[in-house]
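Written below as structure tokens is the structure these notes are about.
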Amino acid sequence: MLRPIRAIAAAAAALLLATACNSAATPGESAGKGGSTTRGVTADAIKVGGIVSMTTASGYSKKDTDLGARARYDRANAEGGVNGRRIDYLGAEDDGQDPARNLAAARKLVQRDKVFAVAPMSSVTFSGADFLEQQRVPTFGWGTLPSFCGPRHIYGFNGCLVPMPGGTLNQTWPEGLKAVLGGARGKTVALIATDNDAGTFGIRTFRQGFTAAGFRVAYAKAVVPAASVPNDWSAYTKEILRSNGGKAPDAVVSVMQTPYNIGLFTALKRAGFRGVISDPTDYDPGLLTKDATRQALDGVHVLLQFEPFESRSPAMRQFKEDIAKAAGGKDVPLNMHMMTGYMSADLFLAIARKAGKELTVESFQQAAASFSDTGTLVGDRAEPRGQKESFGCGALVRLRNGRYEVASPFRCYPPIPFG
């Protein structure tokens with residue numbers, strides 16, 4: 001079994017062990033010339049599917065990731081496809097943010113649907129990663145889990161964001177908050193996350209990143225129950241607000257999803273916290289329709305690892321046009337999930353185009369081994385560097401009076417070694 005994902009439920013791990021070595025194809029369906037792998041590729045189409053947390057126990061949904069991917073594939077098809085082949089996008093399987101369902105979705109896409117690639121994959125759990133790697137399925141998503149760092153066939157659309165020792169760290173968040181706070185000298189930060197795989201790795205990496213940027217990390221814990229949003233946040237806020245030698249830190253950074261952030265931020269404000277609050281999730285105009293949510297998020301600085309929607313670049317204009325078309329001409333509020341799906345699809349398409357007319361898994365991997373481009377919505381991209389480190393670009397936006405504004409402009413920062 002390839003490098004396992006930490007903290008995956010025992011049942012899912014057992015299921016993975018039982019299926020990881022199963023063949024995803026039958027003779028004649030994926031064997032091309034010289035034994036090359038052509039599963040999901042015909043003379044005129046490339047079959048692609050996705051895995052997305054459409055529904056979750058907390059009510060949080062990444063469903064618009066599917067819309068973003070569809071928007072990018074629709075434009076590719078309108079422009080003639082990839083080297084003469086259209087993209088047959090099957091849509092995304094809903095994993096419910098459940099490890100067993102994530103693995104089941106990966107198995108279905110490969111063994112039943114015979115996809116060439118999985119793009120996008122967007123969930124806080126990725127128990128299907130080892131199976132997809134064993135079956136040599138090019139897979140693309142937001143590289144916030146360890147499985148996007150190392151495996152040969154799995155790619156983060158903005159690189160590897162949670163690396164293992166020997167990799168690098170993206171410094172967008174600490175450097176952006178340093179600019180917001182007027183420097184890091186003498187400044188303290190508290191980091192909080194849910195008690196799960198993503199939360200544990202988030203705390204570990206961001207502790208190092210903020211320390212390297214010159215902050216003192218006064219609090220760093222992955223302690224919030226991941227199964228359900230707490231009704232009472234007082235225990236967490238009390239500990240945070242006393243973490244700086246009995247005083248509040250200068251900034252509170254939440255590595256959690258929206259329902260958790262609403263509860264935590266509301267509690268912090270009610271307790272009198274006046275420092276900077278930041279998270280990587282709540283860049284979504286759709287959240288502002290409810291007064292309580294808007295009040296909880298007002299003033300919050302949100303980390304982006306792509307150009308803000310407020311940008312006027314040609315690439316952003318194209319993104320907005322593509323989303324509008326995919327939404328049937330409706331003026332839908334933009335959110336970061338759309339960008340996740342869009343850029344996952346975009347990176348897959350770019351590498352597939354470079355692979356040429358004779359598309360196989362082998363030719364795709366060969367193309368990826370020397371791939372690079374510039375000026376995308378996530379900055380400059382390069383593989384296989386992106387499987388070891390992030391592309392290092394991002395911005396911070398702040399919600400003020402019901403509107404997002406750029407607090408720290410989109411730029412690229414040199415990554416730092418992670419150990």
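Residue numbers start at 1 in each chain; chains themselves are named A, B, ... in the order of the structure tokens; ligands are numbered from 1 in the order shown.
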
Residues of range 155-217 of chain A within 10 Å of range 122-130 of chain A: nearest atom pair and distance (Å, one decimal) for each, counting only C-alpha atoms, sorted by chain and number, as a tab-separated table?
residue	atom	partner	partner_atom	distance
A:Asn196	CA	A:Val124	CA	8.9
A:Asp197	CA	A:Thr125	CA	7.6
A:Ala198	CA	A:Val124	CA	6.2
A:Gly199	CA	A:Val124	CA	9.1

**Study point:** Non-local contacts of range 314-328 of chain A (12 Å; only C-alpha atoms; under 3 positions in same chain excluded) as a PyMOL selection string
**Key:** chain A and resi 64-78+306-311+331-343+346+374-379

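Closest approach to Arg381 in chain A from the set A:Leu181, A:Cys412, A:Ala119, A:Ala395 is made by A:Cys412, with distances taken over only C-alpha atoms.
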
Point to revise | Per-residue DSSP, range 44-266 of chain A, filtered to alpha helix (DSSP H), as a PyMOL selection string | key: chain A and resi 64-78+99-107+129-134+172-181+197-212+234-241+258-266

Give me the residues of range 44-117 of chain A that have any atom at most 12 Å from an atom of range 217-234 of chain A; for each, the nearest atom pair and the distance in Å, rounded to one decimal. Use only C-alpha atoms, sort by chain and number, and format it as JSON lines.
{"residue": "A:Thr56", "atom": "CA", "partner": "A:Ala227", "partner_atom": "CA", "distance": 9.8}
{"residue": "A:Ala57", "atom": "CA", "partner": "A:Ser228", "partner_atom": "CA", "distance": 7.2}
{"residue": "A:Ser58", "atom": "CA", "partner": "A:Ser228", "partner_atom": "CA", "distance": 6.1}
{"residue": "A:Gly59", "atom": "CA", "partner": "A:Ser228", "partner_atom": "CA", "distance": 9.9}
{"residue": "A:Tyr60", "atom": "CA", "partner": "A:Val229", "partner_atom": "CA", "distance": 10.8}
{"residue": "A:Gln97", "atom": "CA", "partner": "A:Ala227", "partner_atom": "CA", "distance": 10.4}
{"residue": "A:Asp98", "atom": "CA", "partner": "A:Ala227", "partner_atom": "CA", "distance": 10.5}

Review point. Can you list, as a PyMOL selection string, every protein, DNA or RNA residue that comes within 10 Å of Asp298 in chain A when you count only C-alpha atoms, leaving out same-chain residues fewer than 6 positions away?
Key: chain A and resi 265-266+277+288+292+398-404

Practice item. Please provide the set of residues having any atom within 10 Å of Lys178 in chain A, restricted to only C-alpha atoms, with same-chain residues fewer than 3 positions apart removed, written as a ChimeraX atom specification. Key: /A:172-175,181-185,187,210,213-215,408

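Each of A:Ile351, A:Leu90, A:Ala271, A:Ile154 was checked against Ser363 in chain A using only C-alpha atoms; the smallest atom-to-atom distance is that of A:Ile351.
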
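Reported to one decimal place, the separation of CA of Ser53 in chain A from CA of Thr37 in chain A is 28.8 Å.
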
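Coordinates place CA of Val52 in chain A at a distance of 12.0 Å from CA of Ser344 in chain A.
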
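By only C-alpha atoms, and with residues fewer than 5 positions from Phe116 in chain A along its chain excluded, the set lying at most 7 Å from it is A:Arg39, A:Gly40, A:Val41, A:Ile46, A:Lys47, A:Val48, A:Val137.
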
Practice item. Mind checking which residues fall within 9 Å of Ala407 in chain A, counting only C-alpha atoms, ignoring those fewer than 6 positions away in the same chain, and posting them as a PyMOL selection string? Key: chain A and resi 176+179-180+301+395-398

Revision key, fill the gap. CA of Ala43 in chain A sits from CA of Pro384 in chain A at a separation of 28.1 Å

Point to revise | Backbone-only DSSP, strand (DSSP E) members of range 67-270 of chain A, as an NGL selection string | key: :A and (86-94 or 117-122 or 139-141 or 154-156 or 168-169 or 188-194 or 216-224 or 251-255)

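With distances restricted to only C-alpha atoms, A:Cys393 is the closest residue to Leu161 in chain A from A:Cys393, A:Leu103, A:Val302, A:Ala345.
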
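Taking only C-alpha atoms into account, Val252 in chain A lies nearest to A:Thr188 out of the set A:Thr205, A:Gln295, A:Thr188, A:Thr289.
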
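By only C-alpha atoms, and with residues fewer than 3 positions from Ala355 in chain A along its chain excluded, the set lying at most 12 Å from it is Val82, Asn83, Phe348, Leu349, Ala350, Ile351, Ala352, Glu358, Leu359, Thr360, Val361, Glu362, Ser363, Phe364, Gln365, Gln366, Ala367, Ala368, Ala369, Ser370 and Phe371 of chain A.
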
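Compared by their closest atoms to Asp291 in chain A, and using only C-alpha atoms, the residues A:Gly143, A:Asp95, A:Gln208, A:Ile262 rank with A:Ile262 nearest.
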
Study note, to complete from the structure: Between A:Leu303, A:Ala100, A:Val255, A:Val406, smallest distance to Gln171 in chain A by only C-alpha atoms belongs to A:Leu303
